[in-house]
Amino acid sequence: MGTRHYGYTDVGRVRSRNEDAFLADAQLGLFIVCDGVGGRARGEIASQETVEFIVDFVKGDATDIEIARHGGELDQAARQRLAALVRGAIQSACYMVHTMGEMDPDRRGMSTTASVVLVAGHVATVAWVGDSRVYLWHAGEHVQLTDDHTLVNVQIRQGTMTPEAAKLSHLKHVITRAVGHREFVEVDVRQLELSPGDKLLLCSDGLHEYLDETGLLARLFSADLATAAREAVRHANINGGRDNITALFVEYTG
């Protein structure tokens, strides 16, 4: 599928267990980062099960991925099907995780964030729920592709909180959408065309809350993938490591 990747996860310096989960399947072109919601029962189960449900769902309807793999052009209808496929995968996982929690008192209330990238040909489909993020590195510039589903982000958009105040708010980790919290979740999806050399970073909030340092993302994206992932986790730990930390770097090679 014309990608390389390297992912790394760490429990951090405060938590006793790692509730993050990630997957990279270069053959399928599928990349996922999930972060079990803190304070919820069995967050580590929610994140891992969500990863597995999404993979199985995408594998079950991979016709357009196969077309792109063999050099076929993806028309607008095919792109819409890919968007629907990834959205449906996350929503199916939401229903399944919620049902698991309803059937087992020990798992009741478990939920997770999910950020997903599906690369088919030169088209990347990005979908997300919660505050795990996806960044793009293109032509020497980086941009955040996802929009955090958090309470403070809602307040920023409404003009009742400044971005500076949001960074200090004790509510900054309160998410407004999660996989498994209810039977259904709204999924945000966007698509973009990739160029050879473009890179993506999928990460949990245990990493991105430490990415404000000027030039840090540029340095990470400029490094080789393994160095970037390990350096990102090391940076988060040095600066507090208050949560589980996951960094999954993906490079599109064309």
# chains A, B, ... in the order shown; residues from 1 in each chain; ligands from 1

call {"tool": "residues_around", "arguments": {"residues": "Ala26 in chain A", "least_positions_apart": "3", "cutoff": "9 Å", "atoms": "only C-alpha atoms", "output": "compact mmCIF listing (two decimals) with N, CA, C and O atoms, in the first residue's frame"}}
result
# COMPACT_ATOMS: atom_id res chain seq x y z
N MET A 1 0.82 -1.21 0.00
CA MET A 1 0.00 0.00 0.00
C MET A 1 0.85 1.26 0.00
O MET A 1 0.33 2.36 0.07
N GLY A 2 2.20 1.15 0.00
CA GLY A 2 3.05 2.31 -0.08
C GLY A 2 3.17 3.09 1.21
O GLY A 2 3.18 4.32 1.19
N THR A 3 3.26 2.38 2.31
CA THR A 3 3.45 3.05 3.60
C THR A 3 4.53 2.34 4.41
O THR A 3 4.78 1.15 4.23
N ARG A 4 5.15 3.13 5.27
CA ARG A 4 6.01 2.59 6.34
C ARG A 4 5.46 3.11 7.65
O ARG A 4 4.81 4.16 7.69
N HIS A 5 5.75 2.41 8.75
CA HIS A 5 5.21 2.87 10.02
C HIS A 5 6.08 2.40 11.18
O HIS A 5 6.87 1.47 11.05
N GLY A 29 -3.51 -1.10 4.98
CA GLY A 29 -3.44 0.35 4.96
C GLY A 29 -4.20 0.98 6.12
O GLY A 29 -4.64 2.13 6.04
N LEU A 30 -4.31 0.25 7.23
CA LEU A 30 -5.15 0.67 8.35
C LEU A 30 -4.28 0.95 9.58
O LEU A 30 -3.46 0.12 9.96
N PHE A 31 -4.52 2.11 10.21
CA PHE A 31 -3.75 2.54 11.37
C PHE A 31 -4.71 3.10 12.42
O PHE A 31 -5.58 3.91 12.09
N VAL A 119 -5.46 4.19 4.50
CA VAL A 119 -4.78 4.65 3.29
C VAL A 119 -5.09 3.69 2.15
O VAL A 119 -4.75 2.50 2.23

call {"tool": "closest_atom_pairs", "arguments": {"of": "range 5-61 of chain A", "to": "range 218-229 of chain A", "cutoff": "8 Å", "atoms": "only C-alpha atoms", "output": "tab-separated table"}}
result
residue	atom	partner	partner_atom	distance
A:His5	CA	A:Leu225	CA	6.5
A:Tyr6	CA	A:Ala226	CA	5.5
A:Gly7	CA	A:Ala229	CA	6.1
A:Tyr8	CA	A:Ala229	CA	5.8

call {"tool": "closest_residue", "arguments": {"among": "A:Gly254, A:Gly159, A:Gly215, A:Gly88", "to": "Asp188 in chain A", "atoms": "only C-alpha atoms"}}
result
A:Gly88

call {"tool": "atom_distance", "arguments": {"atom1": "CA of Gln48 in chain A", "atom2": "CA of Gly240 in chain A"}}
result
25.0 Å

call {"tool": "residues_around", "arguments": {"residues": "Ala89 in chain A", "least_positions_apart": "4", "cutoff": "7 Å", "atoms": "only C-alpha atoms", "output": "list in words"}}
result
Ile54, Phe57, Val58, Leu85 and Ala93 of chain A

call {"tool": "closest_residue", "arguments": {"among": "A:Ala120, A:Val143, A:Val51, A:Leu151", "to": "Phe22 in chain A", "atoms": "only C-alpha atoms"}}
result
A:Val51

call {"tool": "select_by_dssp", "arguments": {"residues": "range 59-244 of chain A", "states": "helix (DSSP H, G or I)", "output": "VMD selection string"}}
result
chain A and resid 59 63 to 69 76 to 103 105 to 107 151 to 158 163 to 168 205 to 208 216 to 222 225 to 238

call {"tool": "closest_residue", "arguments": {"among": "A:Val250, A:Val189, A:Leu217, A:Val86", "to": "Leu118 in chain A", "atoms": "only C-alpha atoms"}}
result
A:Val86

call {"tool": "residues_around", "arguments": {"residues": "Val126 in chain A", "least_positions_apart": "6", "cutoff": "12 Å", "atoms": "only C-alpha atoms", "output": "CSV table (one decimal) with N, CA, C and O atoms, in the first residue's frame"}}
result
chain,number,residue,atom,x,y,z
A,29,GLY,N,-3.5,-1.1,5.0
A,29,GLY,CA,-3.4,0.4,5.0
A,29,GLY,C,-4.2,1.0,6.1
A,29,GLY,O,-4.6,2.1,6.0
A,30,LEU,N,-4.3,0.2,7.2
A,30,LEU,CA,-5.1,0.7,8.4
A,30,LEU,C,-4.3,1.0,9.6
A,30,LEU,O,-3.5,0.1,10.0
A,31,PHE,N,-4.5,2.1,10.2
A,31,PHE,CA,-3.8,2.5,11.4
A,31,PHE,C,-4.7,3.1,12.4
A,31,PHE,O,-5.6,3.9,12.1
A,32,ILE,N,-4.5,2.6,13.7
A,32,ILE,CA,-5.5,3.0,14.7
A,32,ILE,C,-4.8,3.3,16.0
A,32,ILE,O,-3.8,2.6,16.4
A,33,VAL,N,-5.3,4.3,16.7
A,33,VAL,CA,-4.9,4.6,18.1
A,33,VAL,C,-6.1,4.7,18.9
A,33,VAL,O,-7.0,5.5,18.6
A,79,ARG,N,-14.5,6.9,-3.0
A,79,ARG,CA,-14.1,7.6,-1.8
A,79,ARG,C,-15.2,7.7,-0.7
A,79,ARG,O,-14.9,7.6,0.5
A,82,LEU,N,-15.4,4.5,1.0
A,82,LEU,CA,-14.3,4.3,2.0
A,82,LEU,C,-14.6,5.1,3.3
A,82,LEU,O,-14.4,4.6,4.4
A,83,ALA,N,-15.2,6.3,3.1
A,83,ALA,CA,-15.5,7.1,4.3
A,83,ALA,C,-16.6,6.4,5.1
A,83,ALA,O,-16.6,6.3,6.3
A,84,ALA,N,-17.6,5.9,4.4
A,84,ALA,CA,-18.7,5.1,5.1
A,84,ALA,C,-18.2,3.9,5.7
A,84,ALA,O,-18.7,3.5,6.8
A,85,LEU,N,-17.2,3.2,5.1
A,85,LEU,CA,-16.6,2.0,5.7
A,85,LEU,C,-15.9,2.3,7.0
A,85,LEU,O,-16.2,1.6,8.0
A,86,VAL,N,-15.1,3.3,7.1
A,86,VAL,CA,-14.4,3.6,8.3
A,86,VAL,C,-15.4,4.2,9.4
A,86,VAL,O,-15.3,3.8,10.6
A,87,ARG,N,-16.3,5.0,9.0
A,87,ARG,CA,-17.3,5.5,9.9
A,87,ARG,C,-18.1,4.3,10.5
A,87,ARG,O,-18.4,4.2,11.7
A,90,ILE,N,-16.2,2.2,13.1
A,90,ILE,CA,-16.1,2.8,14.5
A,90,ILE,C,-17.5,2.7,15.2
A,90,ILE,O,-17.6,2.4,16.4
A,114,ALA,N,-11.0,6.9,19.7
A,114,ALA,CA,-10.5,6.2,18.6
A,114,ALA,C,-10.1,7.2,17.5
A,114,ALA,O,-10.9,8.0,17.1
A,115,SER,N,-8.9,7.1,17.0
A,115,SER,CA,-8.5,7.8,15.8
A,115,SER,C,-8.0,6.8,14.8
A,115,SER,O,-7.2,5.9,15.1
A,116,VAL,N,-8.5,6.9,13.6
A,116,VAL,CA,-8.3,5.8,12.5
A,116,VAL,C,-7.9,6.5,11.2
A,116,VAL,O,-8.5,7.5,10.8
A,117,VAL,N,-6.9,5.9,10.6
A,117,VAL,CA,-6.5,6.3,9.2
A,117,VAL,C,-6.5,5.1,8.3
A,117,VAL,O,-5.9,4.1,8.7
A,118,LEU,N,-7.2,5.2,7.2
A,118,LEU,CA,-7.2,4.2,6.2
A,118,LEU,C,-6.6,4.8,4.9
A,118,LEU,O,-7.1,5.7,4.4
A,119,VAL,N,-5.5,4.2,4.5
A,119,VAL,CA,-4.8,4.7,3.3
A,119,VAL,C,-5.1,3.7,2.2
A,119,VAL,O,-4.7,2.5,2.2
A,120,ALA,N,-5.8,4.2,1.1
A,120,ALA,CA,-6.1,3.4,-0.1
A,120,ALA,C,-5.6,4.2,-1.3
A,120,ALA,O,-6.1,5.2,-1.6
A,132,SER,N,-8.1,11.6,20.9
A,132,SER,CA,-6.8,11.1,20.3
A,132,SER,C,-6.7,11.8,18.9
A,132,SER,O,-7.7,12.1,18.3
A,133,ARG,N,-5.5,12.2,18.6
A,133,ARG,CA,-5.3,13.1,17.4
A,133,ARG,C,-4.6,12.4,16.2
A,133,ARG,O,-3.9,11.4,16.4
A,134,VAL,N,-4.8,13.1,15.1
A,134,VAL,CA,-4.0,12.8,13.9
A,134,VAL,C,-3.4,14.1,13.4
A,134,VAL,O,-4.1,15.0,13.2
A,135,TYR,N,-2.1,14.1,13.2
A,135,TYR,CA,-1.4,15.2,12.6
A,135,TYR,C,-0.8,14.8,11.2
A,135,TYR,O,-0.5,13.6,11.0
A,136,LEU,N,-0.7,15.8,10.3
A,136,LEU,CA,-0.1,15.5,9.0
A,136,LEU,C,1.1,16.4,8.8
A,136,LEU,O,1.1,17.6,9.2
A,144,GLN,N,-2.9,19.8,12.3
A,144,GLN,CA,-3.7,18.9,13.0
A,144,GLN,C,-5.0,18.6,12.2
A,144,GLN,O,-5.7,19.5,11.9
A,145,LEU,N,-5.2,17.3,11.9
A,145,LEU,CA,-6.3,16.9,11.0
A,145,LEU,C,-7.6,16.7,11.8
A,145,LEU,O,-8.7,16.8,11.2
A,146,THR,N,-7.5,16.4,13.1
A,146,THR,CA,-8.6,16.1,13.9
A,146,THR,C,-9.0,17.2,14.8
A,146,THR,O,-8.2,18.1,15.1
A,147,ASP,N,-10.2,17.2,15.3
A,147,ASP,CA,-10.7,18.3,16.2
A,147,ASP,C,-11.2,17.6,17.5
A,147,ASP,O,-12.1,16.7,17.4
A,187,VAL,N,-19.4,10.0,14.4
A,187,VAL,CA,-18.0,9.9,14.0
A,187,VAL,C,-17.6,11.0,13.0
A,187,VAL,O,-18.4,11.2,12.0
A,188,ASP,N,-16.6,11.8,13.2
A,188,ASP,CA,-16.1,12.8,12.3
A,188,ASP,C,-15.2,12.1,11.3
A,188,ASP,O,-14.3,11.3,11.7
A,189,VAL,N,-15.3,12.5,10.0
A,189,VAL,CA,-14.5,11.8,8.9
A,189,VAL,C,-14.1,12.9,8.0
A,189,VAL,O,-14.8,13.8,7.6
A,190,ARG,N,-12.8,12.9,7.5
A,190,ARG,CA,-12.3,13.7,6.5
A,190,ARG,C,-11.4,12.9,5.6
A,190,ARG,O,-10.8,11.9,6.0
A,191,GLN,N,-11.2,13.4,4.4
A,191,GLN,CA,-10.3,12.7,3.4
A,191,GLN,C,-9.3,13.7,2.8
A,191,GLN,O,-9.6,14.9,2.7
A,192,LEU,N,-8.2,13.2,2.5
A,192,LEU,CA,-7.2,14.0,1.9
A,192,LEU,C,-6.3,13.1,0.9
A,192,LEU,O,-6.2,11.9,1.1
A,193,GLU,N,-5.6,13.8,0.0
A,193,GLU,CA,-4.7,13.1,-0.9
A,193,GLU,C,-3.3,13.3,-0.4
A,193,GLU,O,-2.9,14.4,0.0
A,194,LEU,N,-2.6,12.2,-0.4
A,194,LEU,CA,-1.2,12.1,0.1
A,194,LEU,C,-0.2,12.2,-1.0
A,194,LEU,O,-0.5,11.8,-2.1
A,200,LEU,N,2.2,11.0,8.8
A,200,LEU,CA,1.0,11.1,9.7
A,200,LEU,C,1.5,10.7,11.1
A,200,LEU,O,2.3,9.8,11.3
A,201,LEU,N,0.9,11.3,12.1
A,201,LEU,CA,1.1,10.9,13.5
A,201,LEU,C,-0.2,10.7,14.1
A,201,LEU,O,-1.0,11.7,14.2
A,202,LEU,N,-0.5,9.5,14.6
A,202,LEU,CA,-1.7,9.2,15.4
A,202,LEU,C,-1.2,9.1,16.8
A,202,LEU,O,-0.2,8.4,17.1

call {"tool": "residues_around", "arguments": {"residues": "Ser111 in chain A", "least_positions_apart": "3", "cutoff": "8 Å", "atoms": "only C-alpha atoms", "output": "PyMOL selection string"}}
result
chain A and resi 36-37+40+43+46-47+97-98+178-181

call {"tool": "write_last_selection", "arguments": {"atoms": "N, CA, C and O atoms", "output": "PDB file, in the first residue's frame"}}
result
ATOM      1  N   GLY A  36      -8.308   4.123  26.200  1.00  0.00           N
ATOM      2  CA  GLY A  36      -9.370   3.809  27.137  1.00  0.00           C
ATOM      3  C   GLY A  36      -9.637   4.991  28.055  1.00  0.00           C
ATOM      4  O   GLY A  36      -8.716   5.573  28.607  1.00  0.00           O
ATOM      5  N   VAL A  37     -10.909   5.350  28.198  1.00  0.00           N
ATOM      6  CA  VAL A  37     -11.262   6.557  28.937  1.00  0.00           C
ATOM      7  C   VAL A  37     -10.943   6.386  30.412  1.00  0.00           C
ATOM      8  O   VAL A  37     -11.407   5.444  31.058  1.00  0.00           O
ATOM      9  N   ARG A  40     -13.117   5.105  33.759  1.00  0.00           N
ATOM     10  CA  ARG A  40     -14.145   4.154  33.357  1.00  0.00           C
ATOM     11  C   ARG A  40     -13.661   2.721  33.607  1.00  0.00           C
ATOM     12  O   ARG A  40     -12.469   2.433  33.581  1.00  0.00           O
ATOM     13  N   GLY A  43     -10.960   0.278  30.876  1.00  0.00           N
ATOM     14  CA  GLY A  43     -10.586   1.060  29.705  1.00  0.00           C
ATOM     15  C   GLY A  43      -9.658   0.316  28.778  1.00  0.00           C
ATOM     16  O   GLY A  43      -9.716   0.484  27.554  1.00  0.00           O
ATOM     17  N   ALA A  46     -11.788  -1.897  26.580  1.00  0.00           N
ATOM     18  CA  ALA A  46     -12.512  -1.102  25.590  1.00  0.00           C
ATOM     19  C   ALA A  46     -11.612  -0.716  24.423  1.00  0.00           C
ATOM     20  O   ALA A  46     -12.010  -0.813  23.250  1.00  0.00           O
ATOM     21  N   SER A  47     -10.399  -0.268  24.712  1.00  0.00           N
ATOM     22  CA  SER A  47      -9.495   0.165  23.647  1.00  0.00           C
ATOM     23  C   SER A  47      -9.052  -1.008  22.780  1.00  0.00           C
ATOM     24  O   SER A  47      -9.045  -0.906  21.543  1.00  0.00           O
ATOM     25  N   VAL A  97     -18.888  -2.625  21.974  1.00  0.00           N
ATOM     26  CA  VAL A  97     -18.266  -2.342  23.275  1.00  0.00           C
ATOM     27  C   VAL A  97     -19.334  -1.971  24.301  1.00  0.00           C
ATOM     28  O   VAL A  97     -19.293  -2.402  25.460  1.00  0.00           O
ATOM     29  N   HIS A  98     -20.306  -1.176  23.881  1.00  0.00           N
ATOM     30  CA  HIS A  98     -21.396  -0.816  24.788  1.00  0.00           C
ATOM     31  C   HIS A  98     -22.161  -2.062  25.227  1.00  0.00           C
ATOM     32  O   HIS A  98     -22.488  -2.216  26.418  1.00  0.00           O
ATOM     33  N   ALA A 178     -17.367   9.245  22.953  1.00  0.00           N
ATOM     34  CA  ALA A 178     -16.510   8.090  23.215  1.00  0.00           C
ATOM     35  C   ALA A 178     -17.127   6.851  22.596  1.00  0.00           C
ATOM     36  O   ALA A 178     -18.354   6.732  22.493  1.00  0.00           O
ATOM     37  N   VAL A 179     -16.296   5.928  22.186  1.00  0.00           N
ATOM     38  CA  VAL A 179     -16.735   4.643  21.660  1.00  0.00           C
ATOM     39  C   VAL A 179     -17.140   3.760  22.839  1.00  0.00           C
ATOM     40  O   VAL A 179     -16.329   3.479  23.715  1.00  0.00           O
ATOM     41  N   GLY A 180     -18.403   3.348  22.881  1.00  0.00           N
ATOM     42  CA  GLY A 180     -18.883   2.446  23.926  1.00  0.00           C
ATOM     43  C   GLY A 180     -19.661   3.110  25.034  1.00  0.00           C
ATOM     44  O   GLY A 180     -20.318   2.422  25.820  1.00  0.00           O
ATOM     45  N   HIS A 181     -19.597   4.417  25.123  1.00  0.00           N
ATOM     46  CA  HIS A 181     -20.320   5.106  26.197  1.00  0.00           C
ATOM     47  C   HIS A 181     -21.825   4.921  26.026  1.00  0.00           C
ATOM     48  O   HIS A 181     -22.559   4.720  27.000  1.00  0.00           O
TER      49      HIS A 181
END

call {"tool": "closest_atom_pairs", "arguments": {"of": "range 210-251 of chain A", "to": "range 10-16 of chain A", "cutoff": "12 Å", "atoms": "only C-alpha atoms", "output": "JSON lines"}}
result
{"residue": "A:Ala229", "atom": "CA", "partner": "A:Asp10", "partner_atom": "CA", "distance": 10.8}
{"residue": "A:Arg230", "atom": "CA", "partner": "A:Asp10", "partner_atom": "CA", "distance": 9.5}
{"residue": "A:Glu231", "atom": "CA", "partner": "A:Asp10", "partner_atom": "CA", "distance": 11.8}
{"residue": "A:Ala232", "atom": "CA", "partner": "A:Asp10", "partner_atom": "CA", "distance": 10.6}
{"residue": "A:Val233", "atom": "CA", "partner": "A:Asp10", "partner_atom": "CA", "distance": 7.1}
{"residue": "A:Arg234", "atom": "CA", "partner": "A:Asp10", "partner_atom": "CA", "distance": 9.2}
{"residue": "A:His235", "atom": "CA", "partner": "A:Gly12", "partner_atom": "CA", "distance": 10.8}
{"residue": "A:Ala236", "atom": "CA", "partner": "A:Gly12", "partner_atom": "CA", "distance": 8.0}
{"residue": "A:Asn237", "atom": "CA", "partner": "A:Gly12", "partner_atom": "CA", "distance": 6.0}
{"residue": "A:Ile238", "atom": "CA", "partner": "A:Arg13", "partner_atom": "CA", "distance": 9.0}
{"residue": "A:Asn239", "atom": "CA", "partner": "A:Arg13", "partner_atom": "CA", "distance": 9.8}
{"residue": "A:Gly240", "atom": "CA", "partner": "A:Arg13", "partner_atom": "CA", "distance": 6.9}
{"residue": "A:Gly241", "atom": "CA", "partner": "A:Gly12", "partner_atom": "CA", "distance": 4.6}
{"residue": "A:Arg242", "atom": "CA", "partner": "A:Val14", "partner_atom": "CA", "distance": 5.3}
{"residue": "A:Asp243", "atom": "CA", "partner": "A:Gly12", "partner_atom": "CA", "distance": 5.6}
{"residue": "A:Asn244", "atom": "CA", "partner": "A:Val11", "partner_atom": "CA", "distance": 4.5}
{"residue": "A:Ile245", "atom": "CA", "partner": "A:Asp10", "partner_atom": "CA", "distance": 5.2}
{"residue": "A:Thr246", "atom": "CA", "partner": "A:Asp10", "partner_atom": "CA", "distance": 6.5}
{"residue": "A:Ala247", "atom": "CA", "partner": "A:Asp10", "partner_atom": "CA", "distance": 9.2}
{"residue": "A:Leu248", "atom": "CA", "partner": "A:Asp10", "partner_atom": "CA", "distance": 11.9}

call {"tool": "decode", "arguments": {"residues": "range 205-216 of chain A", "atoms": "N, CA and C atoms", "output": "PDB file, in the first residue's frame"}}
result
ATOM      1  N   ASP A 205      -3.845  11.418  23.982  1.00  0.00           N
ATOM      2  CA  ASP A 205      -3.654  12.718  24.630  1.00  0.00           C
ATOM      3  C   ASP A 205      -2.492  12.706  25.610  1.00  0.00           C
ATOM      4  N   GLY A 206      -2.062  11.516  26.008  1.00  0.00           N
ATOM      5  CA  GLY A 206      -0.884  11.422  26.859  1.00  0.00           C
ATOM      6  C   GLY A 206       0.371  11.915  26.185  1.00  0.00           C
ATOM      7  N   LEU A 207       0.332  12.007  24.849  1.00  0.00           N
ATOM      8  CA  LEU A 207       1.439  12.608  24.106  1.00  0.00           C
ATOM      9  C   LEU A 207       1.116  14.034  23.693  1.00  0.00           C
ATOM     10  N   HIS A 208      -0.051  14.248  23.080  1.00  0.00           N
ATOM     11  CA  HIS A 208      -0.243  15.561  22.439  1.00  0.00           C
ATOM     12  C   HIS A 208      -0.371  16.718  23.430  1.00  0.00           C
ATOM     13  N   GLU A 209      -0.614  16.422  24.713  1.00  0.00           N
ATOM     14  CA  GLU A 209      -0.633  17.543  25.660  1.00  0.00           C
ATOM     15  C   GLU A 209       0.766  18.114  25.897  1.00  0.00           C
ATOM     16  N   TYR A 210       1.787  17.405  25.408  1.00  0.00           N
ATOM     17  CA  TYR A 210       3.166  17.870  25.576  1.00  0.00           C
ATOM     18  C   TYR A 210       3.790  18.334  24.259  1.00  0.00           C
ATOM     19  N   LEU A 211       3.000  18.551  23.237  1.00  0.00           N
ATOM     20  CA  LEU A 211       3.551  18.871  21.918  1.00  0.00           C
ATOM     21  C   LEU A 211       3.575  20.367  21.607  1.00  0.00           C
ATOM     22  N   ASP A 212       3.362  21.209  22.597  1.00  0.00           N
ATOM     23  CA  ASP A 212       3.321  22.651  22.357  1.00  0.00           C
ATOM     24  C   ASP A 212       4.697  23.276  22.165  1.00  0.00           C
ATOM     25  N   GLU A 213       5.752  22.583  22.558  1.00  0.00           N
ATOM     26  CA  GLU A 213       7.097  23.148  22.458  1.00  0.00           C
ATOM     27  C   GLU A 213       7.399  23.535  21.008  1.00  0.00           C
ATOM     28  N   THR A 214       7.852  24.747  20.814  1.00  0.00           N
ATOM     29  CA  THR A 214       8.122  25.266  19.474  1.00  0.00           C
ATOM     30  C   THR A 214       9.127  24.381  18.719  1.00  0.00           C
ATOM     31  N   GLY A 215       8.735  23.957  17.545  1.00  0.00           N
ATOM     32  CA  GLY A 215       9.633  23.177  16.698  1.00  0.00           C
ATOM     33  C   GLY A 215       9.664  21.695  16.997  1.00  0.00           C
ATOM     34  N   LEU A 216       8.980  21.254  18.066  1.00  0.00           N
ATOM     35  CA  LEU A 216       9.061  19.842  18.445  1.00  0.00           C
ATOM     36  C   LEU A 216       8.482  18.931  17.372  1.00  0.00           C
TER      37      LEU A 216
END
